[in-house]
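Have a look at run_13.cif below; it lists mmCIF, C-alpha atoms.
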```cif
data_data
#
loop_
_atom_site.group_PDB
_atom_site.id
_atom_site.type_symbol
_atom_site.label_atom_id
_atom_site.label_comp_id
_atom_site.auth_asym_id
_atom_site.auth_seq_id
_atom_site.Cartn_x
_atom_site.Cartn_y
_atom_site.Cartn_z
ATOM 1 C CA MET A 17 2.350 5.373 26.631
ATOM 2 C CA TYR A 18 2.971 7.984 23.953
ATOM 3 C CA GLY A 19 2.309 11.702 23.915
ATOM 4 C CA PHE A 20 1.122 12.456 27.443
ATOM 5 C CA THR A 21 3.914 14.764 28.610
ATOM 6 C CA ASP A 22 2.165 17.987 27.588
ATOM 7 C CA MET A 23 -1.092 16.957 29.245
ATOM 8 C CA ILE A 24 0.665 15.976 32.457
ATOM 9 C CA ASN A 25 2.575 19.275 32.532
ATOM 10 C CA LYS A 26 -0.682 21.215 32.119
ATOM 11 C CA LEU A 27 -2.292 19.215 34.916
ATOM 12 C CA LYS A 28 0.702 19.875 37.166
ATOM 13 C CA ALA A 29 0.144 23.602 36.580
ATOM 14 C CA SER A 30 -3.593 23.254 37.273
ATOM 15 C CA PRO A 31 -4.332 19.991 39.139
ATOM 16 C CA LYS A 32 -7.784 18.464 38.708
ATOM 17 C CA THR A 33 -9.860 16.046 40.757
ATOM 18 C CA ILE A 34 -11.240 12.873 39.194
ATOM 19 C CA VAL A 35 -13.767 10.484 40.689
ATOM 20 C CA PHE A 36 -13.494 6.741 40.117
ATOM 21 C CA THR A 37 -16.822 4.976 40.483
ATOM 22 C CA GLU A 38 -15.301 1.592 41.392
ATOM 23 C CA GLY A 39 -12.974 2.346 44.289
ATOM 24 C CA THR A 40 -12.220 -1.233 45.348
ATOM 25 C CA ASP A 41 -11.186 -2.456 41.896
ATOM 26 C CA ALA A 42 -7.504 -3.436 41.852
ATOM 27 C CA ARG A 43 -6.909 -1.691 38.500
ATOM 28 C CA ILE A 44 -8.408 1.550 39.806
ATOM 29 C CA ILE A 45 -6.298 1.314 42.954
ATOM 30 C CA GLU A 46 -3.066 0.748 41.012
ATOM 31 C CA ALA A 47 -3.795 3.678 38.680
ATOM 32 C CA SER A 48 -4.737 5.906 41.645
ATOM 33 C CA SER A 49 -1.493 5.064 43.386
ATOM 34 C CA ARG A 50 0.463 6.105 40.330
ATOM 35 C CA LEU A 51 -1.558 9.334 39.979
ATOM 36 C CA LEU A 52 -0.956 10.182 43.621
ATOM 37 C CA ALA A 53 2.774 9.661 43.154
ATOM 38 C CA GLY A 54 2.736 12.034 40.186
ATOM 39 C CA LYS A 55 0.939 14.759 42.162
ATOM 40 C CA PHE A 56 -0.920 16.177 39.145
ATOM 41 C CA LEU A 57 -4.332 14.538 39.534
ATOM 42 C CA LYS A 58 -6.314 14.000 42.724
ATOM 43 C CA PRO A 59 -8.343 10.765 42.803
ATOM 44 C CA ILE A 60 -11.627 10.310 44.638
ATOM 45 C CA LEU A 61 -12.459 6.643 45.172
ATOM 46 C CA ILE A 62 -16.076 5.665 45.787
ATOM 47 C CA GLY A 63 -16.593 2.903 48.298
ATOM 48 C CA ASN A 64 -16.443 1.892 51.920
ATOM 49 C CA PRO A 65 -13.091 3.201 53.261
ATOM 50 C CA ASP A 66 -12.254 -0.031 55.096
ATOM 51 C CA GLU A 67 -12.958 -2.080 51.968
ATOM 52 C CA VAL A 68 -10.971 0.287 49.742
ATOM 53 C CA PHE A 69 -7.905 0.261 52.009
ATOM 54 C CA GLU A 70 -8.171 -3.522 52.400
ATOM 55 C CA ALA A 71 -8.263 -3.908 48.606
ATOM 56 C CA ALA A 72 -5.249 -1.579 48.299
ATOM 57 C CA GLU A 73 -3.323 -3.597 50.874
ATOM 58 C CA GLU A 74 -4.136 -6.852 49.088
ATOM 59 C CA ALA A 75 -3.010 -5.355 45.773
ATOM 60 C CA GLY A 76 0.147 -3.918 47.350
ATOM 61 C CA TYR A 77 -0.409 -0.249 46.457
ATOM 62 C CA ASN A 78 -0.213 2.915 48.531
ATOM 63 C CA ILE A 79 -3.271 5.144 48.163
ATOM 64 C CA ASN A 80 -2.544 7.447 51.105
ATOM 65 C CA GLY A 81 -3.732 10.913 50.092
ATOM 66 C CA ALA A 82 -6.682 9.686 48.032
ATOM 67 C CA THR A 83 -10.119 10.884 49.027
ATOM 68 C CA ILE A 84 -12.499 8.017 49.730
ATOM 69 C CA ILE A 85 -16.219 8.765 49.817
ATOM 70 C CA ASP A 86 -18.815 6.242 50.910
ATOM 71 C CA PRO A 87 -22.341 6.777 49.526
ATOM 72 C CA GLU A 88 -23.652 5.147 52.702
ATOM 73 C CA ASN A 89 -21.975 7.758 54.889
ATOM 74 C CA TYR A 90 -21.715 11.043 52.979
ATOM 75 C CA ASP A 91 -22.245 14.312 54.845
ATOM 76 C CA CYS A 92 -23.902 16.019 51.875
ATOM 77 C CA PHE A 93 -26.097 13.100 50.837
ATOM 78 C CA ASP A 94 -29.366 14.902 51.671
ATOM 79 C CA GLU A 95 -28.255 17.850 49.543
ATOM 80 C CA MET A 96 -27.372 15.437 46.736
ATOM 81 C CA VAL A 97 -30.799 13.783 46.893
ATOM 82 C CA GLU A 98 -32.534 17.164 46.789
ATOM 83 C CA MET A 99 -30.506 18.306 43.777
ATOM 84 C CA PHE A 100 -31.058 15.035 41.929
ATOM 85 C CA CYS A 101 -34.822 15.204 42.514
ATOM 86 C CA GLU A 102 -34.852 18.765 41.189
ATOM 87 C CA LEU A 103 -32.880 17.725 38.092
ATOM 88 C CA ARG A 104 -35.252 14.827 37.431
ATOM 89 C CA LYS A 105 -38.543 16.324 38.631
ATOM 90 C CA SER A 106 -40.000 16.255 35.115
ATOM 91 C CA LYS A 107 -39.553 12.462 35.260
ATOM 92 C CA GLY A 108 -41.360 12.224 38.606
ATOM 93 C CA MET A 109 -38.237 11.652 40.695
ATOM 94 C CA THR A 110 -38.870 11.392 44.444
ATOM 95 C CA PRO A 111 -36.459 10.972 47.384
ATOM 96 C CA GLU A 112 -37.705 7.406 47.794
ATOM 97 C CA LYS A 113 -36.651 6.596 44.229
ATOM 98 C CA ALA A 114 -33.510 8.734 44.326
ATOM 99 C CA ILE A 115 -31.853 7.329 47.449
ATOM 100 C CA PRO A 116 -31.189 3.780 46.166
ATOM 101 C CA MET A 117 -30.070 5.149 42.794
ATOM 102 C CA LEU A 118 -27.615 7.569 44.394
ATOM 103 C CA LYS A 119 -26.091 4.849 46.548
ATOM 104 C CA SER A 120 -24.763 3.194 43.382
ATOM 105 C CA GLY A 121 -21.292 4.349 42.383
ATOM 106 C CA ASN A 122 -22.178 5.503 38.867
ATOM 107 C CA TYR A 123 -24.989 7.859 39.921
ATOM 108 C CA PHE A 124 -23.220 8.962 43.111
ATOM 109 C CA GLY A 125 -19.997 9.750 41.253
ATOM 110 C CA THR A 126 -21.790 11.662 38.506
ATOM 111 C CA MET A 127 -23.540 13.768 41.142
ATOM 112 C CA LEU A 128 -20.147 14.569 42.727
ATOM 113 C CA VAL A 129 -19.163 16.109 39.374
ATOM 114 C CA LYS A 130 -22.472 17.980 39.146
ATOM 115 C CA MET A 131 -21.992 19.358 42.690
ATOM 116 C CA GLY A 132 -18.458 20.539 41.903
ATOM 117 C CA VAL A 133 -16.729 18.080 44.232
ATOM 118 C CA ALA A 134 -14.851 16.575 41.277
ATOM 119 C CA ASP A 135 -13.855 17.968 37.884
ATOM 120 C CA ALA A 136 -14.252 14.705 35.968
ATOM 121 C CA LEU A 137 -15.349 11.075 36.240
ATOM 122 C CA LEU A 138 -13.991 7.773 34.975
ATOM 123 C CA GLY A 139 -16.101 4.638 35.264
ATOM 124 C CA GLY A 140 -16.826 1.384 33.520
ATOM 125 C CA ALA A 141 -14.226 -0.987 34.958
ATOM 126 C CA THR A 142 -17.181 -3.085 36.112
ATOM 127 C CA TYR A 143 -20.126 -1.043 34.801
ATOM 128 C CA SER A 144 -21.391 -1.254 31.217
ATOM 129 C CA THR A 145 -21.047 1.717 28.875
ATOM 130 C CA ALA A 146 -24.792 2.326 29.217
ATOM 131 C CA ASP A 147 -24.459 2.455 33.013
ATOM 132 C CA THR A 148 -21.814 5.180 32.663
ATOM 133 C CA VAL A 149 -23.512 7.182 29.917
ATOM 134 C CA ARG A 150 -27.066 7.096 31.331
ATOM 135 C CA PRO A 151 -26.305 9.038 34.547
ATOM 136 C CA ALA A 152 -24.165 11.469 32.554
ATOM 137 C CA LEU A 153 -27.052 12.214 30.202
ATOM 138 C CA GLN A 154 -29.540 12.572 33.050
ATOM 139 C CA ILE A 155 -27.358 14.659 35.362
ATOM 140 C CA ILE A 156 -24.523 16.373 33.453
ATOM 141 C CA LYS A 157 -26.477 16.597 30.174
ATOM 142 C CA THR A 158 -25.249 17.672 26.768
ATOM 143 C CA LYS A 159 -23.726 21.060 26.005
ATOM 144 C CA PRO A 160 -26.214 23.796 25.013
ATOM 145 C CA ASN A 161 -25.562 23.426 21.271
ATOM 146 C CA ASN A 162 -25.368 19.627 21.284
ATOM 147 C CA SER A 163 -28.175 17.130 20.822
ATOM 148 C CA ILE A 164 -26.141 13.942 21.287
ATOM 149 C CA VAL A 165 -23.277 12.399 23.175
ATOM 150 C CA SER A 166 -20.698 11.004 20.772
ATOM 151 C CA SER A 167 -17.235 9.523 21.077
ATOM 152 C CA CYS A 168 -13.835 9.389 19.494
ATOM 153 C CA PHE A 169 -10.681 7.354 19.747
ATOM 154 C CA ILE A 170 -7.237 8.920 19.765
ATOM 155 C CA LEU A 171 -4.615 6.767 18.074
ATOM 156 C CA VAL A 172 -0.939 7.375 18.764
ATOM 157 C CA ARG A 173 2.249 5.767 17.530
ATOM 158 C CA GLU A 174 5.899 6.744 17.437
ATOM 159 C CA ALA A 175 6.942 7.866 13.981
ATOM 160 C CA ALA A 176 10.305 7.092 12.378
ATOM 161 C CA THR A 177 11.363 10.682 13.138
ATOM 162 C CA GLY A 178 10.873 10.044 16.862
ATOM 163 C CA ASP A 179 7.825 12.286 17.015
ATOM 164 C CA ASN A 180 4.337 11.002 17.742
ATOM 165 C CA GLU A 181 1.830 10.447 14.962
ATOM 166 C CA VAL A 182 -1.620 11.246 16.375
ATOM 167 C CA LEU A 183 -4.974 10.576 14.709
ATOM 168 C CA ALA A 184 -8.558 11.111 15.867
ATOM 169 C CA MET A 185 -11.477 8.905 14.808
ATOM 170 C CA GLY A 186 -15.187 9.389 15.503
ATOM 171 C CA ASP A 187 -17.746 8.101 16.201
ATOM 172 C CA CYS A 188 -16.577 4.550 16.823
ATOM 173 C CA ALA A 189 -18.550 3.583 19.924
ATOM 174 C CA ILE A 190 -21.812 5.414 20.658
ATOM 175 C CA ASN A 191 -24.015 6.440 17.710
ATOM 176 C CA ILE A 192 -24.968 3.525 15.496
ATOM 177 C CA LYS A 193 -26.182 5.372 12.371
ATOM 178 C CA PRO A 194 -25.739 9.127 12.882
ATOM 179 C CA ASN A 195 -27.655 11.443 10.570
ATOM 180 C CA GLU A 196 -26.195 14.470 8.784
ATOM 181 C CA ASP A 197 -26.743 16.906 11.656
ATOM 182 C CA GLU A 198 -25.362 14.456 14.203
ATOM 183 C CA LEU A 199 -22.269 14.018 12.028
ATOM 184 C CA VAL A 200 -21.744 17.795 12.192
ATOM 185 C CA GLU A 201 -21.632 17.569 16.013
ATOM 186 C CA ILE A 202 -19.391 14.501 15.886
ATOM 187 C CA ALA A 203 -16.939 16.205 13.528
ATOM 188 C CA TYR A 204 -16.705 19.366 15.615
ATOM 189 C CA GLU A 205 -16.338 17.573 18.950
ATOM 190 C CA THR A 206 -13.793 15.115 17.539
ATOM 191 C CA SER A 207 -11.693 17.942 16.114
ATOM 192 C CA GLU A 208 -11.804 19.794 19.457
ATOM 193 C CA CYS A 209 -10.689 16.648 21.252
ATOM 194 C CA ALA A 210 -7.850 16.204 18.753
ATOM 195 C CA LYS A 211 -6.566 19.669 19.688
ATOM 196 C CA VAL A 212 -6.102 18.517 23.302
ATOM 197 C CA PHE A 213 -3.531 16.075 21.918
ATOM 198 C CA GLY A 214 -1.701 18.779 19.982
ATOM 199 C CA VAL A 215 -3.287 17.940 16.625
ATOM 200 C CA ASP A 216 -4.120 20.635 14.080
ATOM 201 C CA PRO A 217 -7.294 18.917 12.853
ATOM 202 C CA LYS A 218 -7.660 18.205 9.150
ATOM 203 C CA VAL A 219 -11.048 16.532 8.978
ATOM 204 C CA ALA A 220 -12.061 13.916 6.401
ATOM 205 C CA PHE A 221 -15.659 12.697 6.102
ATOM 206 C CA LEU A 222 -15.085 9.128 4.948
ATOM 207 C CA SER A 223 -17.047 7.199 2.340
ATOM 208 C CA TYR A 224 -16.677 4.655 -0.457
ATOM 209 C CA SER A 225 -16.815 7.682 -2.778
ATOM 210 C CA THR A 226 -14.488 10.624 -3.369
ATOM 211 C CA LEU A 227 -16.210 13.885 -4.296
ATOM 212 C CA GLY A 228 -18.981 12.268 -6.304
ATOM 213 C CA SER A 229 -17.170 9.256 -7.764
ATOM 214 C CA GLY A 230 -19.786 6.958 -6.213
ATOM 215 C CA LYS A 231 -23.533 7.192 -5.740
ATOM 216 C CA GLY A 232 -25.936 6.270 -2.970
ATOM 217 C CA GLU A 233 -27.699 7.460 0.156
ATOM 218 C CA ASP A 234 -24.603 6.963 2.339
ATOM 219 C CA VAL A 235 -22.523 9.036 -0.071
ATOM 220 C CA ASP A 236 -25.130 11.793 -0.043
ATOM 221 C CA LYS A 237 -25.166 11.737 3.765
ATOM 222 C CA MET A 238 -21.424 12.266 4.060
ATOM 223 C CA ARG A 239 -21.342 14.902 1.326
ATOM 224 C CA ASN A 240 -24.202 16.837 2.932
ATOM 225 C CA ALA A 241 -22.683 16.494 6.405
ATOM 226 C CA THR A 242 -19.439 17.938 5.042
ATOM 227 C CA ALA A 243 -21.269 20.940 3.592
ATOM 228 C CA LYS A 244 -23.213 21.532 6.796
ATOM 229 C CA THR A 245 -20.055 21.355 8.906
ATOM 230 C CA LYS A 246 -18.274 23.828 6.638
ATOM 231 C CA ALA A 247 -21.225 26.217 6.964
ATOM 232 C CA ALA A 248 -21.454 25.833 10.749
ATOM 233 C CA HIS A 249 -17.696 25.952 11.386
ATOM 234 C CA PRO A 250 -16.015 27.877 8.543
ATOM 235 C CA ASP A 251 -12.643 27.924 10.327
ATOM 236 C CA MET A 252 -12.355 24.126 10.343
ATOM 237 C CA LYS A 253 -10.244 22.380 7.709
ATOM 238 C CA ILE A 254 -12.669 19.883 6.165
ATOM 239 C CA GLU A 255 -13.044 17.737 3.074
ATOM 240 C CA GLY A 256 -15.612 15.185 2.042
ATOM 241 C CA GLU A 257 -16.794 12.858 0.988
ATOM 242 C CA LEU A 258 -13.436 11.064 0.707
ATOM 243 C CA GLN A 259 -12.268 7.492 0.322
ATOM 244 C CA PHE A 260 -9.656 6.642 2.909
ATOM 245 C CA ASP A 261 -6.790 6.493 0.417
ATOM 246 C CA ALA A 262 -7.651 9.968 -0.872
ATOM 247 C CA ALA A 263 -7.772 11.199 2.713
ATOM 248 C CA VAL A 264 -4.286 10.022 3.696
ATOM 249 C CA SER A 265 -2.206 9.533 0.542
ATOM 250 C CA PRO A 266 -0.856 12.707 -1.098
ATOM 251 C CA ARG A 267 -0.276 10.753 -4.334
ATOM 252 C CA VAL A 268 -3.872 9.541 -4.509
ATOM 253 C CA ALA A 269 -5.233 12.915 -3.444
ATOM 254 C CA LYS A 270 -3.281 14.632 -6.210
ATOM 255 C CA THR A 271 -5.212 12.527 -8.723
ATOM 256 C CA LYS A 272 -8.651 12.438 -7.102
ATOM 257 C CA CYS A 273 -8.931 15.903 -5.500
ATOM 258 C CA PRO A 274 -5.899 18.037 -6.418
ATOM 259 C CA ASP A 275 -7.335 21.303 -5.118
ATOM 260 C CA SER A 276 -7.992 20.126 -1.556
ATOM 261 C CA GLU A 277 -5.779 21.245 1.337
ATOM 262 C CA VAL A 278 -7.084 18.379 3.505
ATOM 263 C CA ALA A 279 -7.066 15.411 1.114
ATOM 264 C CA GLY A 280 -3.851 13.439 1.423
ATOM 265 C CA HIS A 281 -3.083 14.986 4.821
ATOM 266 C CA ALA A 282 -6.148 14.183 6.957
ATOM 267 C CA ASN A 283 -5.594 13.306 10.603
ATOM 268 C CA THR A 284 -9.166 13.452 11.930
ATOM 269 C CA PHE A 285 -11.598 10.933 10.453
ATOM 270 C CA ILE A 286 -15.384 10.967 10.598
ATOM 271 C CA PHE A 287 -17.012 7.631 9.824
ATOM 272 C CA PRO A 288 -20.492 7.188 8.338
ATOM 273 C CA ASP A 289 -21.616 4.750 11.037
ATOM 274 C CA ILE A 290 -20.443 2.738 14.032
ATOM 275 C CA ASN A 291 -19.706 -0.334 11.886
ATOM 276 C CA ALA A 292 -17.120 1.496 9.812
ATOM 277 C CA GLY A 293 -15.751 3.407 12.796
ATOM 278 C CA ASN A 294 -15.285 0.452 15.106
ATOM 279 C CA ILE A 295 -13.705 -1.662 12.383
ATOM 280 C CA GLY A 296 -11.528 1.224 11.217
ATOM 281 C CA TYR A 297 -9.940 2.130 14.534
ATOM 282 C CA LYS A 298 -9.285 -1.522 15.372
ATOM 283 C CA ILE A 299 -7.544 -2.084 12.026
ATOM 284 C CA ALA A 300 -5.307 0.908 12.800
ATOM 285 C CA GLN A 301 -4.677 -0.408 16.306
ATOM 286 C CA ARG A 302 -3.915 -4.020 15.412
ATOM 287 C CA LEU A 303 -2.262 -3.712 11.992
ATOM 288 C CA GLY A 304 -0.896 -0.176 12.213
ATOM 289 C CA ASN A 305 0.608 -0.579 15.697
ATOM 290 C CA PHE A 306 -1.215 2.449 17.064
ATOM 291 C CA GLU A 307 -2.014 2.818 20.746
ATOM 292 C CA ALA A 308 -5.782 3.431 20.940
ATOM 293 C CA TYR A 309 -7.195 5.623 23.718
ATOM 294 C CA GLY A 310 -10.932 5.726 24.198
ATOM 295 C CA PRO A 311 -13.777 5.788 23.713
ATOM 296 C CA ILE A 312 -13.592 9.419 24.799
ATOM 297 C CA LEU A 313 -17.122 10.707 25.358
ATOM 298 C CA LEU A 314 -17.870 14.035 23.685
ATOM 299 C CA GLY A 315 -20.642 16.605 23.889
ATOM 300 C CA LEU A 316 -21.264 16.555 27.660
ATOM 301 C CA ASN A 317 -21.106 19.560 29.984
ATOM 302 C CA ALA A 318 -18.306 17.901 31.991
ATOM 303 C CA PRO A 319 -15.728 15.200 31.226
ATOM 304 C CA ILE A 320 -17.211 11.747 31.859
ATOM 305 C CA ASN A 321 -15.456 8.749 30.353
ATOM 306 C CA ASP A 322 -16.017 5.046 30.076
ATOM 307 C CA LEU A 323 -13.496 2.249 30.531
ATOM 308 C CA SER A 324 -13.590 -1.147 28.909
ATOM 309 C CA ARG A 325 -14.391 -3.863 31.432
ATOM 310 C CA GLY A 326 -11.305 -5.637 30.072
ATOM 311 C CA CYS A 327 -9.030 -2.662 30.764
ATOM 312 C CA ASN A 328 -5.745 -2.856 32.653
ATOM 313 C CA ALA A 329 -4.290 -0.401 35.175
ATOM 314 C CA LEU A 330 -2.187 1.422 32.559
ATOM 315 C CA GLU A 331 -5.313 2.059 30.481
ATOM 316 C CA VAL A 332 -7.078 3.421 33.569
ATOM 317 C CA TYR A 333 -4.122 5.708 34.253
ATOM 318 C CA SER A 334 -4.029 6.917 30.630
ATOM 319 C CA MET A 335 -7.774 7.519 30.440
ATOM 320 C CA ALA A 336 -7.687 9.403 33.757
ATOM 321 C CA ILE A 337 -5.113 11.832 32.296
ATOM 322 C CA ILE A 338 -7.159 12.243 29.105
ATOM 323 C CA THR A 339 -10.404 12.776 31.001
ATOM 324 C CA ALA A 340 -8.930 15.341 33.363
ATOM 325 C CA SER A 341 -7.268 17.169 30.467
ATOM 326 C CA LEU A 342 -10.712 17.739 28.963
ATOM 327 C CA ALA A 343 -11.901 19.490 32.149
#
```
For the structure just supplied, provide its representation as structure tokens.
Amino acid sequence: MYGFTDMINKLKASPKTIVFTEGTDARIIEASSRLLAGKFLKPILIGNPDEVFEAAEEAGYNINGATIIDPENYDCFDEMVEMFCELRKSKGMTPEKAIPMLKSGNYFGTMLVKMGVADALLGGATYSTADTVRPALQIIKTKPNNSIVSSCFILVREAATGDNEVLAMGDCAINIKPNEDELVEIAYETSECAKVFGVDPKVAFLSYSTLGSGKGEDVDKMRNATAKTKAAHPDMKIEGELQFDAAVSPRVAKTKCPDSEVAGHANTFIFPDINAGNIGYKIAQRLGNFEAYGPILLGLNAPINDLSRGCNALEVYSMAIITASLA
């Protein structure tokens, strides 16, 4: 696992609390045990305490020191129901509807973040992405200046110099065909996430065209999104639209866009749609030997992240550190 030392040191200086929505899952238990041993992140496991400790014993991991909260026996459950009904009153939410919803781990855990019991949430080991994102949208909601939730992947590999090469790619998992204004949000949030990993973001809006070499609606979209992002965030280092070779190869950039400070040196990539993004990060992961961390959800008022249902305990541990670092 590359490049996590700085994040762990920051968490040691200011420990956070993270809620896991699936407290009896063996992968969650193993990751929680490791986090407890490190003493920089406090896990809350959702589930029946007897069942959680039994699962931990079966898996052979020590989770002494973890907080275990059972939705069926939570002292502040009435307060949670009242708050949830208030948040969802425009949708006709009633206590009768709210109670069964809040007894599910995804809604219960998200409400723990909303109530300030936890700083962050990590779910999805058994839930779908939609089941993690839906409560986040309904309860945590997007930041004041955001209209969407987006995502990015952080890709890390050890360079020949011994340092870590870190790239950010968005949006590879949530928005299928983002429009120009949504791409502005995606670019800003992805660049802010990249900073958490020590990256000085140089943002490339990717296309099959470089600065007008190609034509088409998709080219226009990326060119216009670039211009809008530059206007909205003049301090960001941005170029677009760029073909991938012009974005990363100084030799190609010298020919295609010699006056750009970003072209040839980009490390933060904005894709035109989810097809390109998902394919792109997986090519980097499988052929470029990058470790891929994500999807990291962006644009919410609090850090909520989604695991792959095929994840392992190391991925849970890594994503817990990332999620808490965003708090």
Selected by the PyMOL selection byres ((chain A and resi 75-88) around 8) in the shown coordinates: which residues, as a ChimeraX atom specification?
/A:39,42,45-46,48-49,52,58-65,68-69,71-74,89-90,93,118-121,124
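Excluding Ala318 of chain A itself and same-chain residues fewer than 5 positions from it, the residues having an atom within 12 Å of it are Ile34, Thr126, Met127, Leu128, Val129, Lys130, Met131, Gly132, Ala134, Asp135, Ala136, Leu137, Leu138, Ala152, Leu153, Ile155, Ile156, Lys157, Thr158, Lys159, Val165, Leu313, Thr339, Ala340, Ser341, Leu342 and Ala343 of chain A, counting only C-alpha atoms.
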Residues from last step as file, C-alpha atoms, as a compact mmCIF listing (two decimals), in the frame of the given file:
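Wrote it out as part-v7.txt, contents follow:
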```txt
# COMPACT_ATOMS: atom_id res chain seq x y z
CA ILE A 34 -11.24 12.87 39.19
CA THR A 126 -21.79 11.66 38.51
CA MET A 127 -23.54 13.77 41.14
CA LEU A 128 -20.15 14.57 42.73
CA VAL A 129 -19.16 16.11 39.37
CA LYS A 130 -22.47 17.98 39.15
CA MET A 131 -21.99 19.36 42.69
CA GLY A 132 -18.46 20.54 41.90
CA ALA A 134 -14.85 16.58 41.28
CA ASP A 135 -13.86 17.97 37.88
CA ALA A 136 -14.25 14.70 35.97
CA LEU A 137 -15.35 11.08 36.24
CA LEU A 138 -13.99 7.77 34.98
CA ALA A 152 -24.16 11.47 32.55
CA LEU A 153 -27.05 12.21 30.20
CA ILE A 155 -27.36 14.66 35.36
CA ILE A 156 -24.52 16.37 33.45
CA LYS A 157 -26.48 16.60 30.17
CA THR A 158 -25.25 17.67 26.77
CA LYS A 159 -23.73 21.06 26.00
CA VAL A 165 -23.28 12.40 23.18
CA LEU A 313 -17.12 10.71 25.36
CA THR A 339 -10.40 12.78 31.00
CA ALA A 340 -8.93 15.34 33.36
CA SER A 341 -7.27 17.17 30.47
CA LEU A 342 -10.71 17.74 28.96
CA ALA A 343 -11.90 19.49 32.15
```
Please evaluate the PyMOL selection byres ((chain A and resi 54) around 12) against the displayed coordinates and give the resulting residues as a ChimeraX atom specification.
/A:21,24-25,27-28,31,47-53,55-59,81,333,337
Could you write out that same residue set with C-alpha atoms as a PDB file, in the coordinates of the input?
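Result went into out_20.pdb, see below:
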```pdb
ATOM      1  CA  THR A  21       3.914  14.764  28.610  1.00  0.00           C
ATOM      2  CA  ILE A  24       0.665  15.976  32.457  1.00  0.00           C
ATOM      3  CA  ASN A  25       2.575  19.275  32.532  1.00  0.00           C
ATOM      4  CA  LEU A  27      -2.292  19.215  34.916  1.00  0.00           C
ATOM      5  CA  LYS A  28       0.702  19.875  37.166  1.00  0.00           C
ATOM      6  CA  PRO A  31      -4.332  19.991  39.139  1.00  0.00           C
ATOM      7  CA  ALA A  47      -3.795   3.678  38.680  1.00  0.00           C
ATOM      8  CA  SER A  48      -4.737   5.906  41.645  1.00  0.00           C
ATOM      9  CA  SER A  49      -1.493   5.064  43.386  1.00  0.00           C
ATOM     10  CA  ARG A  50       0.463   6.105  40.330  1.00  0.00           C
ATOM     11  CA  LEU A  51      -1.558   9.334  39.979  1.00  0.00           C
ATOM     12  CA  LEU A  52      -0.956  10.182  43.621  1.00  0.00           C
ATOM     13  CA  ALA A  53       2.774   9.661  43.154  1.00  0.00           C
ATOM     14  CA  LYS A  55       0.939  14.759  42.162  1.00  0.00           C
ATOM     15  CA  PHE A  56      -0.920  16.177  39.145  1.00  0.00           C
ATOM     16  CA  LEU A  57      -4.332  14.538  39.534  1.00  0.00           C
ATOM     17  CA  LYS A  58      -6.314  14.000  42.724  1.00  0.00           C
ATOM     18  CA  PRO A  59      -8.343  10.765  42.803  1.00  0.00           C
ATOM     19  CA  GLY A  81      -3.732  10.913  50.092  1.00  0.00           C
ATOM     20  CA  TYR A 333      -4.122   5.708  34.253  1.00  0.00           C
ATOM     21  CA  ILE A 337      -5.113  11.832  32.296  1.00  0.00           C
TER      22      ILE A 337
END
```
Residues within 10 Å of (-6.7, 9.1, 7.7), file coordinates, counting only C-alpha atoms: what are they? Give the list as a ChimeraX atom specification.
/A:183-185,218-222,258-265,279-286,296,300
Excluding segment 303-311 of chain A and its own-chain neighbours fewer than 4 positions away, which residues fall within 12 Å of it when counting only C-alpha atoms? Please give them as a ChimeraX atom specification.
/A:17-20,138-140,145,149,165-175,180-191,206,209-210,213,293-299,320-324,327,330-339
Separation of atom CA of Ile192 of chain A and atom CA of Asn291 of chain A, in Å?
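So the two atoms, atom CA of Ile192 of chain A and atom CA of Asn291 of chain A, lie 7.5 Å apart.
Of note, atom CA of Leu316 of chain A and atom CA of Arg302 of chain A are spaced 29.6 Å apart.
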So how far away is atom CA of Pro111 of chain A from atom CA of Glu98 of chain A, in Å?
7.4 Å
Output check: residues returned by the PyMOL selection byres ((chain A and resi 242-249) around 8), as a count of residues only
17
